[in-house]
Amino acid sequence: MSAPEPAPTHSSVTVRDSMTTSLPPATDNRPDTAADLLLPVPDDDGAPFWDYAARGELRVQTCSDCDEPRFPPRPCCPHCQSFAAHWQRMSGRGRIWSYVVPHPPLLPAYAAQAPYNAIIVELAEAPRIRLVGNLVATPDGALNSVDPARLRIGAPVKVAFHTLPGGVTVPRWLLERP
Ligand SMILES: [Zn+2]
């Protein structure tokens, strides 16, 4: 996996200033404001998902009795009520099931990168499991590194991993055919 990007040199004050003066152009790909993006807050059930992501692995909680994957993580299988579970490794391939292209008003760190995208990915091995993420040009690319005009329902994607400035590694998505 690619190395984490260096710590940003711009403080959050810079971001707030950009809101009161002028926003950078939408084509600005600098990830300087990434420190102000919202971070995942792992809970006990979901912690393994993030631990595996930090190792560059996409894994989905799966029932050890009926073998059905489930998401979001939770203690009990909704299909057979078993509490036995393991974390099944996925290939990291899937398709865009849906997407949105956010525009301001947004939180400042997001407004600075809008319009960008948020996609829902249907996993190849577990089509009923759909993960929310961002389609990017490279694993460490900015949220707006893919032209929104390129978004297509059904487009094949593959997972990549990006470590945020706070240290949390998140799955992101790249087009199979860039
Ligand atoms: Zn089950």
# chains A, B, ... in the order shown; residues from 1 in each chain; ligands from 1
>>> residues_near_ligand(ligand="ligand 1", cutoff="8 Å", atoms="only C-alpha atoms and all ligand atoms", output="ChimeraX atom specification")
/A:62-68,76-84
>>> write_last_selection(atoms="C-alpha atoms", output="PDB file, in the first residue's frame")
ATOM      1  CA  THR A  62     -19.486 -12.834   8.176  1.00  0.00           C
ATOM      2  CA  CYS A  63     -21.603 -15.282  10.142  1.00  0.00           C
ATOM      3  CA  SER A  64     -19.646 -18.395  11.089  1.00  0.00           C
ATOM      4  CA  ASP A  65     -22.811 -20.510  11.151  1.00  0.00           C
ATOM      5  CA  CYS A  66     -24.760 -19.555   7.990  1.00  0.00           C
ATOM      6  CA  ASP A  67     -21.844 -17.848   6.173  1.00  0.00           C
ATOM      7  CA  GLU A  68     -23.851 -14.704   5.322  1.00  0.00           C
ATOM      8  CA  CYS A  76     -25.797 -10.981  15.990  1.00  0.00           C
ATOM      9  CA  CYS A  77     -26.472 -12.483  12.540  1.00  0.00           C
ATOM     10  CA  PRO A  78     -29.759 -11.079  11.127  1.00  0.00           C
ATOM     11  CA  HIS A  79     -30.290 -14.308   9.156  1.00  0.00           C
ATOM     12  CA  CYS A  80     -29.784 -17.056  11.761  1.00  0.00           C
ATOM     13  CA  GLN A  81     -29.277 -15.106  15.034  1.00  0.00           C
ATOM     14  CA  SER A  82     -25.881 -16.667  15.629  1.00  0.00           C
ATOM     15  CA  PHE A  83     -23.296 -14.700  17.585  1.00  0.00           C
ATOM     16  CA  ALA A  84     -20.400 -16.530  15.931  1.00  0.00           C
TER      17      ALA A  84
END
>>> select_by_dssp(residues="chain A", states="strand (DSSP E or B)", output="ChimeraX atom specification")
/A:59-63,69,85-89,93-100,118-123,130-133,135,156-163,169-175
>>> select_by_dssp(residues="stretch 29-115 of chain A", states="helix (DSSP H, G or I)", output="count of residues only")
17
>>> residues_around(residues="A:Asp44", least_positions_apart="6", cutoff="12 Å", atoms="only C-alpha atoms", output="list in words")
Trp50, Asp51, Pro72, Pro73, Arg74 and Pro75 of chain A
>>> closest_residue(among="A:Pro178, A:Pro156, A:Pro139, A:Pro171", to="A:Leu58", atoms="only C-alpha atoms")
A:Pro171
>>> decode(residues="stretch 85-115 of chain A", atoms="N, CA and C atoms", output="compact mmCIF listing (two decimals), in the first residue's frame")
# COMPACT_ATOMS: atom_id res chain seq x y z
N ALA A 85 -18.97 -15.14 14.54
CA ALA A 85 -18.66 -14.39 13.31
C ALA A 85 -17.15 -14.36 13.09
N HIS A 86 -16.78 -14.13 11.84
CA HIS A 86 -15.39 -13.93 11.48
C HIS A 86 -15.34 -12.82 10.43
N TRP A 87 -14.14 -12.44 10.04
CA TRP A 87 -13.98 -11.34 9.09
C TRP A 87 -13.44 -11.90 7.78
N GLN A 88 -14.31 -11.93 6.78
CA GLN A 88 -13.98 -12.54 5.49
C GLN A 88 -13.29 -11.52 4.60
N ARG A 89 -12.16 -11.92 4.02
CA ARG A 89 -11.44 -11.00 3.14
C ARG A 89 -12.13 -10.93 1.78
N MET A 90 -12.32 -9.72 1.28
CA MET A 90 -12.93 -9.48 -0.03
C MET A 90 -11.82 -9.22 -1.05
N SER A 91 -12.16 -9.43 -2.32
CA SER A 91 -11.18 -9.15 -3.37
C SER A 91 -10.94 -7.66 -3.52
N GLY A 92 -11.90 -6.85 -3.05
CA GLY A 92 -11.78 -5.40 -3.22
C GLY A 92 -12.36 -4.93 -4.54
N ARG A 93 -13.07 -5.81 -5.23
CA ARG A 93 -13.69 -5.40 -6.50
C ARG A 93 -15.21 -5.24 -6.30
N GLY A 94 -15.75 -4.32 -7.07
CA GLY A 94 -17.18 -4.07 -6.97
C GLY A 94 -17.65 -3.18 -8.09
N ARG A 95 -18.88 -2.68 -7.93
CA ARG A 95 -19.46 -1.79 -8.93
C ARG A 95 -20.12 -0.61 -8.23
N ILE A 96 -20.16 0.51 -8.93
CA ILE A 96 -20.85 1.68 -8.38
C ILE A 96 -22.36 1.40 -8.41
N TRP A 97 -22.95 1.37 -7.24
CA TRP A 97 -24.39 1.09 -7.12
C TRP A 97 -25.19 2.39 -7.15
N SER A 98 -24.59 3.45 -6.61
CA SER A 98 -25.20 4.77 -6.63
C SER A 98 -24.13 5.80 -6.30
N TYR A 99 -24.45 7.07 -6.52
CA TYR A 99 -23.49 8.12 -6.17
C TYR A 99 -24.22 9.45 -6.00
N VAL A 100 -23.53 10.37 -5.33
CA VAL A 100 -23.99 11.76 -5.27
C VAL A 100 -22.80 12.65 -5.54
N VAL A 101 -23.08 13.87 -6.00
CA VAL A 101 -22.03 14.88 -6.22
C VAL A 101 -22.39 16.07 -5.34
N PRO A 102 -21.79 16.15 -4.14
CA PRO A 102 -22.12 17.23 -3.22
C PRO A 102 -21.63 18.59 -3.71
N HIS A 103 -22.45 19.59 -3.48
CA HIS A 103 -22.09 20.99 -3.74
C HIS A 103 -22.33 21.79 -2.45
N PRO A 104 -21.65 22.93 -2.28
CA PRO A 104 -21.91 23.77 -1.10
C PRO A 104 -23.39 24.17 -1.04
N PRO A 105 -23.92 24.45 0.15
CA PRO A 105 -23.20 24.58 1.43
C PRO A 105 -22.78 23.23 2.01
N LEU A 106 -21.51 23.17 2.42
CA LEU A 106 -20.93 21.99 3.03
C LEU A 106 -20.00 22.45 4.15
N LEU A 107 -19.54 21.51 4.97
CA LEU A 107 -18.51 21.85 5.93
C LEU A 107 -17.31 22.40 5.16
N PRO A 108 -16.55 23.34 5.77
CA PRO A 108 -15.50 24.03 5.02
C PRO A 108 -14.52 23.11 4.30
N ALA A 109 -14.07 22.04 4.96
CA ALA A 109 -13.08 21.17 4.33
C ALA A 109 -13.65 20.47 3.10
N TYR A 110 -14.97 20.26 3.11
CA TYR A 110 -15.62 19.63 1.96
C TYR A 110 -15.94 20.67 0.89
N ALA A 111 -16.36 21.84 1.32
CA ALA A 111 -16.66 22.90 0.35
C ALA A 111 -15.43 23.23 -0.48
N ALA A 112 -14.25 23.14 0.15
CA ALA A 112 -13.02 23.47 -0.55
C ALA A 112 -12.74 22.50 -1.69
N GLN A 113 -13.34 21.31 -1.63
CA GLN A 113 -13.07 20.30 -2.67
C GLN A 113 -14.28 20.03 -3.56
N ALA A 114 -15.40 20.67 -3.28
CA ALA A 114 -16.61 20.44 -4.07
C ALA A 114 -16.48 21.09 -5.45
N PRO A 115 -17.12 20.53 -6.48
CA PRO A 115 -17.89 19.28 -6.41
C PRO A 115 -16.97 18.05 -6.42
